[in-house]
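Participant: I'd like to ask you about the structure that follows.
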Amino acid sequence: MANPALNEKRFEQAREEWQPGWAAPEVAGQSAGAPVRRRTDAMTANGTFARTFFLFVIVLIGGAIGWSQVDTAPAGQIDVPGWTWVCLIGAFALAMACVFVPKASPFVGPLYAVLEGVFLGVISKVFEVQWDGIVFQAVLATVGVFFATLALYVFGVVKVTRKFQMVVIGATCGIFLLYVFGALMSLFGVDVVFWNEPSALGIGISVVIASVAALNLFLNYEFIRQASIQGSPKYMEWYGAFGIMVTLVWLYIEMLRLLSLLRQ
C-alpha cells in the first residue's frame, strides 16, 4: 500500500507546530555583527538515515525472534504461531498512531519496528521452508534497491518533480485498491487474486508492484530533503525514518512474493 507517513500534509503540520529555520532567534542585546547561533534541535538528513539504520536493526532482531518461533514438521508442515496476526494488527495500529501523531514517532517508531520485525520473521520462515534461500535473496534485493535509489537521488539522476510525484502516488493508490478488491472478493469466496499466480501475467504484475514500491523511496528522500532544508523539529528524523521503513517493509514483502512466483 502507499506510504501514508511521508506526505506534504504531515510536513505542513510540523511546520505549523514549530517555526522552521536553521538560525536561532536573536537575543536582546546581541550585536548585529555577532555570529548567528544555529539551532541544534532541527532535523537533518544524516540524523534521519542514522535512525533509519537503527530501526532496520530492530526489525532484524524482531525478525530473528519471529523466525525462531516457527516450527516445521519432518513432512514439511509449518506451524505458524497464532499470535502472528496480533503482531501484524499491533504494528498497523502503531503505524497509524505514528502517522496521526508524528511527535510520538521517537517512541512509536521502535515499537512498530519490533512488531513488524516479528511478523516478517514468521512469514520469512514460511517462505524459506518452501523455497530454500529465498529470504536471503529478498533481503539482498531490498537492500540493493534502497542503496541504488538513494544513489540515483543523491547524484541527481532521478529528479522528483511534481509530475513524478503524481504518477507514483496514482500508481500506488491503484495498487492499494487492487489489494482491497482482492481482499473483499475473498470474503465472499471468490478468488480473483490472479497476480499471485505463477504465470506471465502474475509475474508481470508483481514486477510492476515492486517497481512502484521502489519509486516510493524517491518520494521519501524528497520529503526528508525538504523537511531538513526547512529546519523541521528534531523528532521528524524519527518520523522520516519510520516512513522509509514502511516503504522498505512493503518492498521486501513484494520481493518475497515475486521471487516465489519465479521459483514456481
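Chain labels follow the order of the C-alpha cells: the first chain is A, the next B, and so on; residue numbering restarts at 1 in every chain, and ligands are counted from 1 in their shown order.
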Could you pull the residues within 12 Å of Ala50 in chain A, counting only C-alpha atoms, minus those fewer than 3 positions along the same chain, as a PyMOL selection string?

Facilitator: chain A and resi 43-47+53-57+237-238+240-242+244

Participant: Which of range 100-251 of chain A counts as helix (DSSP H, G or I) under DSSP, as JSON, numbers by chain please?

Facilitator: {"A": [100, 102, 103, 104, 105, 106, 107, 108, 109, 110, 111, 112, 113, 114, 115, 116, 117, 118, 119, 120, 121, 122, 123, 124, 125, 126, 127, 128, 129, 130, 134, 135, 136, 137, 138, 139, 140, 141, 142, 143, 144, 145, 146, 147, 148, 149, 150, 151, 152, 153, 154, 162, 163, 164, 165, 166, 167, 168, 169, 170, 171, 172, 173, 174, 175, 176, 177, 178, 179, 180, 181, 182, 183, 184, 185, 186, 187, 194, 195, 196, 200, 201, 202, 203, 204, 205, 206, 207, 208, 209, 210, 211, 212, 213, 214, 215, 216, 217, 218, 219, 220, 221, 222, 223, 224, 225, 226, 227, 228, 229, 236, 237, 238, 239, 240, 241, 242, 243, 244, 245, 246, 247, 248, 249, 250, 251]}

Participant: Can you tell me which residues surround Val80 in chain A at a distance of at most 9 Å, considering only C-alpha atoms, apart from same-chain residues fewer than 4 positions away, and format the answer as a list in words?

Facilitator: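 Skipping anything fewer than 4 positions along the chain leaves Gln69, Val70, Asp71, Thr72, Thr84, Val122, Ile123 and Val126 of chain A.
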
Participant: Skip range 249-262 of chain A itself and residues of its chain fewer than 5 positions away, then list as a list in words all residues within 8 Å of it, counting only C-alpha atoms.

Facilitator: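 Answer for this query is Met1, Phe127, Trp131, Ile134, Val135, Ala138, Val139, Ala141, Thr142, Asn196, Glu197, Pro198, Ser199, Gly202, Ile203, Ser206, Val207, Ile209, Ala210, Ala213 and Ala214 of chain A.
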
Participant: Restricting it to C-alpha atoms, dump the selection as a PDB file, in the first residue's frame.

Facilitator:
ATOM      1  CA  MET A   1       0.000   0.000   0.000  1.00  0.00           C
ATOM      2  CA  PHE A 127       8.726 -18.762   2.533  1.00  0.00           C
ATOM      3  CA  TRP A 131      11.931 -22.168  -1.250  1.00  0.00           C
ATOM      4  CA  ILE A 134      14.609 -17.049  -0.946  1.00  0.00           C
ATOM      5  CA  VAL A 135      14.836 -14.866   2.171  1.00  0.00           C
ATOM      6  CA  ALA A 138      14.773 -10.920  -0.970  1.00  0.00           C
ATOM      7  CA  VAL A 139      16.809  -9.114   1.711  1.00  0.00           C
ATOM      8  CA  ALA A 141      17.351  -7.284  -3.393  1.00  0.00           C
ATOM      9  CA  THR A 142      15.617  -4.907  -0.960  1.00  0.00           C
ATOM     10  CA  ASN A 196      -0.424 -14.375  -7.122  1.00  0.00           C
ATOM     11  CA  GLU A 197      -0.481 -16.983  -9.878  1.00  0.00           C
ATOM     12  CA  PRO A 198       2.908 -18.169 -11.233  1.00  0.00           C
ATOM     13  CA  SER A 199       2.011 -17.068 -14.757  1.00  0.00           C
ATOM     14  CA  GLY A 202       1.130 -12.702 -12.351  1.00  0.00           C
ATOM     15  CA  ILE A 203       4.905 -12.232 -12.562  1.00  0.00           C
ATOM     16  CA  SER A 206       4.411  -8.448  -9.322  1.00  0.00           C
ATOM     17  CA  VAL A 207       7.304  -6.733 -11.111  1.00  0.00           C
ATOM     18  CA  ILE A 209       4.147  -3.538  -7.908  1.00  0.00           C
ATOM     19  CA  ALA A 210       7.733  -3.993  -6.717  1.00  0.00           C
ATOM     20  CA  ALA A 213       7.295   0.345  -4.173  1.00  0.00           C
ATOM     21  CA  ALA A 214      10.870   1.216  -5.166  1.00  0.00           C
TER      22      ALA A 214
END

Participant: Can you measure CA of Ser68 in chain A to CA of Trp83 in chain A for me? One decimal in Å is fine.

Facilitator: 13.7 Å

Participant: Go through A:Ile89, A:Leu140, A:Ala73, A:Leu217 and flag the residue nearest Gly243 in chain A, using only C-alpha atoms for the distances.

Facilitator: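 Smallest distance to Gly243 in chain A is found for A:Leu217.
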
Participant: Run DSSP on the backbone and tell me which residues of range 38-221 of chain A come out as strand (DSSP E or B); list them as number ranges by chain.

Facilitator: A: 38, 42, 71-72, 78-79

Participant: Check the smallest atom-to-atom distance from each of A:Pro102, A:Gly121, A:Gly204, A:Gly170 to Ser232 in chain A using only C-alpha atoms, then report the winner.

Facilitator: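 Smallest separation from Ser232 in chain A among the options: A:Pro102.
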
Participant: Provide the CA of Ala91 in chain A to CA of Gly117 in chain A distance in Å, to one decimal place.

Facilitator: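 CA of Ala91 in chain A sits 9.2 Å away from CA of Gly117 in chain A.
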